[in-house]
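K.L.:
Sharing protein28.cif below, mmCIF, C-alpha atoms:
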```
data_target
loop_
_atom_site.group_PDB
_atom_site.id
_atom_site.type_symbol
_atom_site.label_atom_id
_atom_site.label_comp_id
_atom_site.auth_asym_id
_atom_site.auth_seq_id
_atom_site.Cartn_x
_atom_site.Cartn_y
_atom_site.Cartn_z
ATOM 1 C CA MET A 1 65.292 92.027 103.135
ATOM 2 C CA PHE A 2 66.207 95.591 102.320
ATOM 3 C CA VAL A 3 63.522 98.180 101.640
ATOM 4 C CA LYS A 4 63.376 101.875 100.881
ATOM 5 C CA LEU A 5 60.840 103.403 103.235
ATOM 6 C CA PRO A 6 57.954 105.357 101.716
ATOM 7 C CA PHE A 7 57.172 106.970 105.089
ATOM 8 C CA GLU A 8 58.979 108.304 108.150
ATOM 9 C CA VAL A 9 58.942 105.913 111.075
ATOM 10 C CA THR A 10 60.268 105.820 114.627
ATOM 11 C CA HIS A 11 61.309 102.581 116.314
ATOM 12 C CA THR A 12 61.899 102.365 120.074
ATOM 13 C CA TYR A 13 64.257 99.744 121.492
ATOM 14 C CA GLU A 14 63.748 97.988 124.826
ATOM 15 C CA ASN A 15 66.246 100.285 126.521
ATOM 16 C CA GLY A 16 64.239 103.305 125.421
ATOM 17 C CA THR A 17 66.590 104.460 122.718
ATOM 18 C CA SER A 18 64.659 105.404 119.628
ATOM 19 C CA VAL A 19 65.614 105.713 115.996
ATOM 20 C CA THR A 20 63.797 107.732 113.384
ATOM 21 C CA PHE A 21 64.182 106.693 109.778
ATOM 22 C CA PRO A 22 63.231 109.400 107.271
ATOM 23 C CA VAL A 23 61.315 108.918 104.046
ATOM 24 C CA GLY A 24 63.626 107.277 101.532
ATOM 25 C CA ALA A 25 65.888 105.600 104.097
ATOM 26 C CA THR A 26 66.922 102.098 103.079
ATOM 27 C CA ILE A 27 66.789 99.706 106.035
ATOM 28 C CA ASN A 28 67.063 96.003 106.819
ATOM 29 C CA ILE A 29 63.393 95.264 107.438
ATOM 30 C CA GLY A 30 64.226 91.920 109.064
ATOM 31 C CA LYS A 31 65.477 93.804 112.111
ATOM 32 C CA TYR A 32 62.245 95.782 112.496
ATOM 33 C CA PRO A 33 59.198 93.474 112.319
ATOM 34 C CA GLU A 34 56.732 96.162 113.371
ATOM 35 C CA ILE A 35 57.910 98.389 110.526
ATOM 36 C CA ALA A 36 57.505 95.417 108.194
ATOM 37 C CA LYS A 37 53.874 95.073 109.329
ATOM 38 C CA ARG A 38 53.233 98.761 108.732
ATOM 39 C CA LEU A 39 54.873 98.518 105.324
ATOM 40 C CA GLU A 40 52.650 95.577 104.447
ATOM 41 C CA LYS A 41 49.557 97.623 105.344
ATOM 42 C CA TYR A 42 50.914 100.578 103.386
ATOM 43 C CA ASN A 43 51.491 98.454 100.308
ATOM 44 C CA LYS A 44 48.012 96.959 100.512
ATOM 45 C CA LYS A 45 46.434 100.381 100.802
ATOM 46 C CA TYR A 46 48.504 102.454 98.389
ATOM 47 C CA VAL A 47 50.332 100.058 96.076
ATOM 48 C CA GLU A 48 48.215 96.960 95.625
ATOM 49 C CA GLY A 49 44.814 98.512 96.340
ATOM 50 C CA SER A 50 41.755 96.634 97.536
ATOM 51 C CA PRO A 51 40.947 93.082 96.337
ATOM 52 C CA GLN A 52 38.330 94.693 94.074
ATOM 53 C CA ASP A 53 40.947 97.034 92.583
ATOM 54 C CA LYS A 54 43.273 94.096 91.951
ATOM 55 C CA MET A 55 40.504 92.188 90.191
ATOM 56 C CA MET A 56 39.706 95.222 88.042
ATOM 57 C CA ARG A 57 43.342 95.598 87.035
ATOM 58 C CA THR A 58 43.766 91.985 86.048
ATOM 59 C CA SER A 59 40.377 91.565 84.370
ATOM 60 C CA GLY A 60 40.342 94.872 82.530
ATOM 61 C CA LEU A 61 36.909 95.687 83.948
ATOM 62 C CA LYS A 62 36.103 99.305 84.642
ATOM 63 C CA LYS A 63 35.063 100.424 88.081
ATOM 64 C CA LYS A 64 31.569 101.901 88.112
ATOM 65 C CA GLY A 65 31.679 105.660 87.739
ATOM 66 C CA THR A 66 35.261 105.793 86.508
ATOM 67 C CA ASN A 67 36.964 105.755 83.143
ATOM 68 C CA GLY A 68 39.020 102.731 84.015
ATOM 69 C CA ASN A 69 42.251 104.375 85.043
ATOM 70 C CA GLY A 70 41.106 105.351 88.495
ATOM 71 C CA SER A 71 39.841 108.857 87.717
ATOM 72 C CA ARG A 72 36.160 109.674 87.654
ATOM 73 C CA LEU A 73 34.216 109.948 84.442
ATOM 74 C CA GLY A 74 34.547 113.348 82.844
ATOM 75 C CA GLU A 75 37.904 114.102 84.483
ATOM 76 C CA MET B 76 68.138 94.820 96.816
ATOM 77 C CA GLY B 77 67.557 91.241 97.802
ATOM 78 C CA ALA B 78 69.201 88.359 95.994
ATOM 79 C CA ASN B 79 72.763 88.538 94.731
ATOM 80 C CA VAL B 80 73.969 91.054 97.298
ATOM 81 C CA TYR B 81 77.683 90.687 97.745
ATOM 82 C CA LEU B 82 80.066 92.090 100.295
ATOM 83 C CA GLU B 83 82.705 94.045 98.363
ATOM 84 C CA SER B 84 84.847 95.339 101.225
ATOM 85 C CA VAL B 85 84.704 96.334 104.878
ATOM 86 C CA ALA B 86 85.921 99.253 106.938
ATOM 87 C CA SER B 87 85.772 100.401 110.519
ATOM 88 C CA TYR B 88 85.679 103.936 111.796
ATOM 89 C CA GLY B 89 85.593 105.386 115.254
ATOM 90 C CA THR B 90 86.417 108.230 117.529
ATOM 91 C CA ILE B 91 86.565 109.040 121.207
ATOM 92 C CA GLY B 92 86.132 112.630 122.180
ATOM 93 C CA THR B 93 84.109 115.377 123.686
ATOM 94 C CA ALA B 94 81.301 117.040 121.833
ATOM 95 C CA THR B 95 80.484 120.610 122.729
ATOM 96 C CA SER B 96 77.695 122.980 121.891
ATOM 97 C CA THR B 97 79.764 124.355 119.029
ATOM 98 C CA THR B 98 81.791 121.336 117.946
ATOM 99 C CA ALA B 99 80.076 118.117 117.032
ATOM 100 C CA LEU B 100 81.840 114.811 117.371
ATOM 101 C CA THR B 101 81.883 113.495 113.832
ATOM 102 C CA VAL B 102 82.963 110.374 112.004
ATOM 103 C CA GLU B 103 83.380 110.651 108.253
ATOM 104 C CA ILE B 104 82.303 107.574 106.296
ATOM 105 C CA PRO B 105 83.575 107.980 102.748
ATOM 106 C CA GLY B 106 81.781 106.353 99.867
ATOM 107 C CA ARG B 107 83.483 103.967 97.465
ATOM 108 C CA SER B 108 82.928 104.001 93.741
ATOM 109 C CA GLY B 109 80.390 101.391 92.645
ATOM 110 C CA LYS B 110 79.668 100.280 96.214
ATOM 111 C CA ARG B 111 76.957 101.157 98.695
ATOM 112 C CA ILE B 112 77.522 101.789 102.388
ATOM 113 C CA ALA B 113 75.826 99.314 104.740
ATOM 114 C CA ILE B 114 76.097 100.211 108.423
ATOM 115 C CA ARG B 115 76.699 96.798 109.979
ATOM 116 C CA ALA B 116 77.409 97.783 113.586
ATOM 117 C CA PHE B 117 77.872 100.864 115.700
ATOM 118 C CA GLY B 118 77.972 102.038 119.290
ATOM 119 C CA PHE B 119 77.733 105.396 120.951
ATOM 120 C CA MET B 120 77.426 106.731 124.475
ATOM 121 C CA ALA B 121 75.806 109.891 125.754
ATOM 122 C CA GLY B 122 77.811 111.607 128.447
ATOM 123 C CA GLY B 123 76.342 114.338 130.617
ATOM 124 C CA THR B 124 73.030 114.614 128.798
ATOM 125 C CA CYS B 125 70.994 112.432 126.482
ATOM 126 C CA GLU B 126 70.988 113.943 123.068
ATOM 127 C CA ALA B 127 70.300 112.539 119.662
ATOM 128 C CA VAL B 128 73.016 111.627 117.198
ATOM 129 C CA GLN B 129 72.601 111.480 113.468
ATOM 130 C CA PHE B 130 73.759 109.347 110.613
ATOM 131 C CA MET B 131 73.843 112.070 107.979
ATOM 132 C CA GLN B 132 72.994 110.867 104.497
ATOM 133 C CA SER B 133 73.532 112.516 101.153
ATOM 134 C CA LEU B 134 70.587 114.860 100.596
ATOM 135 C CA GLY B 135 71.561 115.614 97.020
ATOM 136 C CA LYS B 136 74.494 115.974 94.683
ATOM 137 C CA THR B 137 75.907 118.115 91.932
ATOM 138 C CA THR B 138 79.183 118.399 90.025
ATOM 139 C CA LEU B 139 82.119 120.764 89.699
ATOM 140 C CA LEU B 140 81.786 123.426 87.002
ATOM 141 C CA ALA B 141 85.469 124.364 87.183
ATOM 142 C CA VAL B 142 88.679 122.570 88.084
ATOM 143 C CA ALA B 143 89.613 122.734 91.770
ATOM 144 C CA ALA B 144 93.360 122.626 92.386
ATOM 145 C CA ASP B 145 94.950 120.801 95.311
ATOM 146 C CA GLY B 146 94.614 123.099 98.331
ATOM 147 C CA ALA B 147 91.704 125.065 96.923
ATOM 148 C CA SER B 148 89.261 126.566 99.391
ATOM 149 C CA ILE B 149 86.616 127.602 96.881
ATOM 150 C CA LEU B 150 84.433 125.339 94.752
ATOM 151 C CA ASN B 151 82.470 126.285 91.646
ATOM 152 C CA LEU B 152 79.347 124.139 91.274
ATOM 153 C CA THR B 153 77.100 123.463 88.296
ATOM 154 C CA GLY B 154 73.910 123.678 90.336
ATOM 155 C CA GLU B 155 72.222 123.375 93.684
ATOM 156 C CA PRO B 156 72.758 119.854 95.002
ATOM 157 C CA GLY B 157 69.281 119.867 96.520
ATOM 158 C CA PRO B 158 66.947 118.921 97.957
ATOM 159 C CA SER B 159 64.291 121.429 96.921
ATOM 160 C CA GLY B 160 63.725 124.032 99.606
ATOM 161 C CA ASN B 161 67.054 123.400 101.305
ATOM 162 C CA SER B 162 69.680 125.393 99.447
ATOM 163 C CA LEU B 163 73.356 124.955 100.199
ATOM 164 C CA ALA B 164 74.355 127.326 102.995
ATOM 165 C CA ALA B 165 77.048 128.022 105.565
ATOM 166 C CA ASN B 166 77.457 125.224 108.149
ATOM 167 C CA ASP B 167 76.288 122.547 105.723
ATOM 168 C CA PHE B 168 78.678 119.676 105.087
ATOM 169 C CA ILE B 169 79.694 118.777 101.552
ATOM 170 C CA VAL B 170 81.848 115.965 100.223
ATOM 171 C CA LEU B 171 83.973 116.308 97.087
ATOM 172 C CA VAL B 172 85.171 113.247 95.185
ATOM 173 C CA GLN B 173 88.744 114.106 94.222
ATOM 174 C CA ASP B 174 90.542 112.842 91.117
ATOM 175 C CA ASP B 175 92.405 110.184 93.099
ATOM 176 C CA GLY B 176 89.091 108.763 94.305
ATOM 177 C CA THR B 177 89.345 110.051 97.864
ATOM 178 C CA TYR B 178 86.355 111.711 99.478
ATOM 179 C CA HIS B 179 87.040 115.134 100.967
ATOM 180 C CA PHE B 180 84.657 116.248 103.726
ATOM 181 C CA SER B 181 84.317 119.910 104.594
ATOM 182 C CA GLU B 182 81.912 122.241 106.289
ATOM 183 C CA VAL B 183 80.763 125.127 104.125
ATOM 184 C CA GLY B 184 82.084 128.442 105.396
ATOM 185 C CA ALA B 185 80.028 130.710 103.178
ATOM 186 C CA VAL B 186 77.987 130.650 99.996
ATOM 187 C CA THR B 187 78.090 133.760 97.826
ATOM 188 C CA GLY B 188 76.733 132.045 94.747
ATOM 189 C CA LEU B 189 77.188 128.620 93.223
ATOM 190 C CA SER B 190 80.526 129.744 91.754
ATOM 191 C CA THR B 191 81.907 130.638 95.166
ATOM 192 C CA ILE B 192 81.372 127.923 97.746
ATOM 193 C CA ALA B 193 83.922 128.625 100.488
ATOM 194 C CA LEU B 194 85.162 125.571 102.386
ATOM 195 C CA CYS B 195 86.275 125.433 106.004
ATOM 196 C CA THR B 196 88.787 122.685 105.128
ATOM 197 C CA VAL B 197 90.823 123.049 101.941
ATOM 198 C CA ILE B 198 90.768 120.125 99.549
ATOM 199 C CA THR B 199 93.649 117.654 99.684
ATOM 200 C CA GLY B 200 93.841 116.731 96.016
ATOM 201 C CA ALA B 201 92.885 118.100 92.619
ATOM 202 C CA ALA B 202 89.366 117.642 91.266
ATOM 203 C CA ALA B 203 88.460 117.925 87.595
ATOM 204 C CA ILE B 204 85.347 119.399 86.024
ATOM 205 C CA GLY B 205 82.440 117.037 86.501
ATOM 206 C CA GLN B 206 83.619 115.480 89.750
ATOM 207 C CA THR B 207 80.751 114.763 92.131
ATOM 208 C CA VAL B 208 79.926 116.960 95.110
ATOM 209 C CA TYR B 209 77.554 115.471 97.698
ATOM 210 C CA ASP B 210 75.475 117.616 100.031
ATOM 211 C CA LEU B 211 75.086 116.169 103.539
ATOM 212 C CA GLY B 212 73.401 119.322 104.834
ATOM 213 C CA CYS B 213 73.568 119.907 108.564
ATOM 214 C CA ALA B 214 72.752 117.472 111.348
ATOM 215 C CA GLY B 215 69.318 118.954 111.981
ATOM 216 C CA ASP B 216 68.145 118.642 108.391
ATOM 217 C CA THR B 217 65.260 116.372 107.403
ATOM 218 C CA GLY B 218 66.461 113.205 105.723
ATOM 219 C CA HIS B 219 69.008 111.978 108.232
ATOM 220 C CA ILE B 220 68.728 108.906 110.457
ATOM 221 C CA ASN B 221 68.278 110.096 114.018
ATOM 222 C CA TRP B 222 69.126 108.048 117.157
ATOM 223 C CA ALA B 223 67.905 109.310 120.532
ATOM 224 C CA PRO B 224 69.283 107.589 123.657
ATOM 225 C CA THR B 225 67.481 107.819 126.995
ATOM 226 C CA THR B 226 70.259 106.894 129.413
ATOM 227 C CA VAL B 227 73.644 108.515 129.885
ATOM 228 C CA SER B 228 76.886 106.581 130.200
ATOM 229 C CA VAL B 229 75.394 103.509 128.565
ATOM 230 C CA LEU B 230 76.784 102.162 125.329
ATOM 231 C CA ASN B 231 74.003 102.147 122.769
ATOM 232 C CA LYS B 232 74.918 99.556 120.223
ATOM 233 C CA GLU B 233 73.366 97.838 117.252
ATOM 234 C CA SER B 234 74.599 95.232 114.829
ATOM 235 C CA ILE B 235 73.249 92.795 112.291
ATOM 236 C CA ASP B 236 74.761 90.764 109.511
ATOM 237 C CA GLY B 237 73.945 92.317 106.181
ATOM 238 C CA GLY B 238 73.614 95.781 107.615
ATOM 239 C CA ILE B 239 71.092 97.759 109.674
ATOM 240 C CA PHE B 240 70.601 100.538 107.135
ATOM 241 C CA TYR B 241 72.226 101.743 103.945
ATOM 242 C CA GLY B 242 73.545 104.722 102.040
ATOM 243 C CA THR B 243 71.290 106.473 99.562
ATOM 244 C CA GLU B 244 73.072 105.064 96.509
ATOM 245 C CA LYS B 245 76.328 103.509 95.346
ATOM 246 C CA GLY B 246 79.257 105.836 95.935
ATOM 247 C CA SER B 247 77.332 108.038 98.335
ATOM 248 C CA PRO B 248 79.089 108.988 101.622
ATOM 249 C CA MET B 249 77.648 109.279 105.135
ATOM 250 C CA MET B 250 78.705 111.057 108.295
ATOM 251 C CA PHE B 251 78.036 110.333 111.965
ATOM 252 C CA SER B 252 77.417 113.469 113.995
ATOM 253 C CA GLY B 253 76.889 113.972 117.702
ATOM 254 C CA GLU B 254 76.589 117.458 119.069
ATOM 255 C CA SER B 255 75.990 118.281 122.696
ATOM 256 C CA ALA B 256 74.150 121.259 124.098
ATOM 257 C CA ALA B 257 76.087 120.810 127.334
ATOM 258 C CA THR B 258 79.818 121.262 126.945
ATOM 259 C CA GLY B 259 81.730 118.296 128.273
ATOM 260 C CA SER B 260 79.287 115.602 127.307
ATOM 261 C CA GLU B 261 81.207 112.706 125.884
ATOM 262 C CA GLU B 262 80.178 110.391 123.180
ATOM 263 C CA ILE B 263 82.178 107.390 122.138
ATOM 264 C CA CYS B 264 81.431 105.602 118.939
ATOM 265 C CA TYR B 265 82.561 102.910 116.625
ATOM 266 C CA ILE B 266 81.090 102.200 113.247
ATOM 267 C CA THR B 267 81.616 99.084 111.172
ATOM 268 C CA VAL B 268 80.788 99.442 107.517
ATOM 269 C CA ASP B 269 80.188 96.823 104.865
ATOM 270 C CA TYR B 270 80.431 98.070 101.319
ATOM 271 C CA ILE B 271 77.992 96.081 99.194
ATOM 272 C CA ASN B 272 77.404 95.749 95.467
ATOM 273 C CA LYS B 273 73.707 96.767 95.340
#
```
Go through the file and emit its structure as structure tokens.

P.N.:
Amino acid sequence: MFVKLPFEVTHTYENGTSVTFPVGATINIGKYPEIAKRLEKYNKKYVEGSPQDKMMRTSGLKKKGTNGNGSRLGE
Amino acid sequence: MGANVYLESVASYGTIGTATSTTALTVEIPGRSGKRIAIRAFGFMAGGTCEAVQFMQSLGKTTLLAVAADGASILNLTGEPGPSGNSLAANDFIVLVQDDGTYHFSEVGAVTGLSTIALCTVITGAAAIGQTVYDLGCAGDTGHINWAPTTVSVLNKESIDGGIFYGTEKGSPMMFSGESAATGSEEICYITVDYINK
């Protein structure tokens, strides 16, 4: 699976050699399982949001104290 | 990317030489129209000292504002290739797509305005208005893939079917660069490239 990285990340091989992929680098994530795990966490936090956020999006409910699009009331 | 990724063509590049503090060992990896570079395998060796090598990616692109004749040493560009905050300057590498489809790599000798980009290596074919100019920047720029070995005289190698990492977009070139602070350090490298359709 090929992904474009939203963050900079450094991977260290067993022989000590390290590689640093910059933001925007497209890599084969299958070769770097630990980066895949970090990406999964990143997506949950910044892309998918919390389970509550997901429910709000799909149900159309508004989060208390907000105007429904994520910003606070009055903003 | 994902499903329906096809291998369009393959190529192999390599060099054996001595990098110095002023001359980096480089391997030019030209782009191909409508295809994206996938680095499938490579190997390099640090000689006297362990120093990082870079796979330089395209940091931005622009086009020619005026025709460049075969043998020209000056390019006239429509705009800064980018990225923001990293203007084109002497010692940057740029790549011009010539009319015959070949990719011409050159270090920038001097920039006295976008209309006067002086090249260290004259172009080898004509290039019409609108031809693409890629900016690879210099090896130390942010945005490149950086490999740092820890042991000298050991071949650092990687390979995987489908590619380890990829060019920024279809048609975009890359360049391998290894520069040594200690004159005499040797680095040997081979690079196998798959050109894919995504």

K.L.:
For B:Gly237, which of B:Ala116, B:Gly92, B:Thr207, B:Ala144 is the closest residue, counting only C-alpha atoms?

P.N.:
B:Ala116

K.L.:
In Å, with one decimal, what is the gap from atom CA of B:Tyr270 to atom CA of B:Asp174?

P.N.:
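Atom CA of B:Tyr270 sits 20.6 Å away from atom CA of B:Asp174.
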
K.L.:
Please check the contacts: residues of chain A at most 7 Å away from chain B, using all atoms listed in the file, listed as a PyMOL selection string.

P.N.:
chain A and resi 1-2+16-23+26-28

K.L.:
Starting from the point (82.4, 100.8, 120.5), work out which residues of protein, DNA or RNA have an atom no more than 8 Å away when counting only C-alpha atoms; state them as a ChimeraX atom specification.

P.N.:
/B:89,117-119,230,232,263-266

K.L.:
Any chance you could resolve the PyMOL selection byres ((chain B and resi 188) around 10) against this file and give the residues as a tab-separated table (two decimals) with C-alpha atoms, in the frame of the given file?

P.N.:
```tsv
chain	number	residue	atom	x	y	z
B	151	ASN	CA	82.47	126.28	91.65
B	152	LEU	CA	79.35	124.14	91.27
B	154	GLY	CA	73.91	123.68	90.34
B	155	GLU	CA	72.22	123.38	93.68
B	163	LEU	CA	73.36	124.96	100.20
B	164	ALA	CA	74.36	127.33	103.00
B	185	ALA	CA	80.03	130.71	103.18
B	186	VAL	CA	77.99	130.65	100.00
B	187	THR	CA	78.09	133.76	97.83
B	189	LEU	CA	77.19	128.62	93.22
B	190	SER	CA	80.53	129.74	91.75
B	191	THR	CA	81.91	130.64	95.17
B	192	ILE	CA	81.37	127.92	97.75
B	193	ALA	CA	83.92	128.62	100.49
```

K.L.:
Which is closest to B:Thr199 among B:Ser108, B:Ser181, B:Ser84, B:Thr267, if we use all atoms listed in the file?

P.N.:
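Closest residue, counting all atoms listed in the file: B:Ser181.
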
K.L.:
Could you check how far atom CA of B:Ile104 sits from atom CA of B:Met249, in Å to one decimal?

P.N.:
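Atom CA of B:Met249 lies at a distance of 5.1 Å from atom CA of B:Ile104.
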
K.L.:
Tell me, in Å to one decimal, how far atom CA of B:Ala203 is from atom CA of B:Ile149.

P.N.:
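Those two atoms sit 13.5 Å apart.
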
K.L.:
Between B:Thr93, B:Gly246, B:Gly135, B:Cys195, which residue has the minimum interatomic distance to B:Ile271, considering all atoms listed in the file?

P.N.:
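The closest residue to B:Ile271 is B:Gly246.
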
K.L.:
Looking at only C-alpha atoms, which of B:Leu134, B:Val172, B:Ile204, B:Ala165 is the one that sits closest to A:Ala25?

P.N.:
B:Leu134

K.L.:
Using all atoms listed in the file, can you tell me which of B:Asp269, B:Glu182, B:Glu254, B:Glu233 comes closest to B:Gly215?

P.N.:
B:Glu254

K.L.:
Using only the atoms of stretch 26-45 of chain A listed in the file, plus 3 Å on each side, state the axis-aligned box centre and edge lengths in Å rounded to one decimal, as AutoDock Vina command-line options.

P.N.:
```
--center_x 56.7 --center_y 97.0 --center_z 106.8 --size_x 26.6 --size_y 16.2 --size_z 19.1
```

K.L.:
Considering only C-alpha atoms, return as a list in words whatever protein or nucleic-acid residues lie within 9 Å of B:Lys136, sequence-local ones (same chain, fewer than 3 positions apart) excluded.

P.N.:
Ser133, Gly154, Glu155, Pro156, Gly157, Pro158, Thr207, Val208, Tyr209, Asp210 and Leu211 of chain B

K.L.:
Write out the residues from the selection above, keeping C-alpha atoms, as a short mmCIF file (atom, residue, chain, number, x, y, z; two decimals), keeping the file's coordinate frame.

P.N.:
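Dumped to selection.cif:
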```cif
data_model
loop_
_atom_site.label_atom_id
_atom_site.label_comp_id
_atom_site.auth_asym_id
_atom_site.auth_seq_id
_atom_site.Cartn_x
_atom_site.Cartn_y
_atom_site.Cartn_z
CA SER B 133 73.53 112.52 101.15
CA GLY B 154 73.91 123.68 90.34
CA GLU B 155 72.22 123.38 93.68
CA PRO B 156 72.76 119.85 95.00
CA GLY B 157 69.28 119.87 96.52
CA PRO B 158 66.95 118.92 97.96
CA THR B 207 80.75 114.76 92.13
CA VAL B 208 79.93 116.96 95.11
CA TYR B 209 77.55 115.47 97.70
CA ASP B 210 75.47 117.62 100.03
CA LEU B 211 75.09 116.17 103.54
#
```

K.L.:
Residue by residue, what does the PyMOL selection byres ((chain B and resi 213) around 8) grab here? Present the result as a list in words.

P.N.:
Met131, Asn166, Asp167, Phe168, Leu211, Gly212, Ala214, Gly215 and Asp216 of chain B

K.L.:
Using C-alpha atoms, can you write the selected residues to a file as a PDB file, in the frame of the given file?

P.N.:
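Okay, this is what ended up in part.pdb:
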```pdb
ATOM      1  CA  MET B 131      73.843 112.070 107.979  1.00  0.00           C
ATOM      2  CA  ASN B 166      77.457 125.224 108.149  1.00  0.00           C
ATOM      3  CA  ASP B 167      76.288 122.547 105.723  1.00  0.00           C
ATOM      4  CA  PHE B 168      78.678 119.676 105.087  1.00  0.00           C
ATOM      5  CA  LEU B 211      75.086 116.169 103.539  1.00  0.00           C
ATOM      6  CA  GLY B 212      73.401 119.322 104.834  1.00  0.00           C
ATOM      7  CA  ALA B 214      72.752 117.472 111.348  1.00  0.00           C
ATOM      8  CA  GLY B 215      69.318 118.954 111.981  1.00  0.00           C
ATOM      9  CA  ASP B 216      68.145 118.642 108.391  1.00  0.00           C
TER      10      ASP B 216
END
```
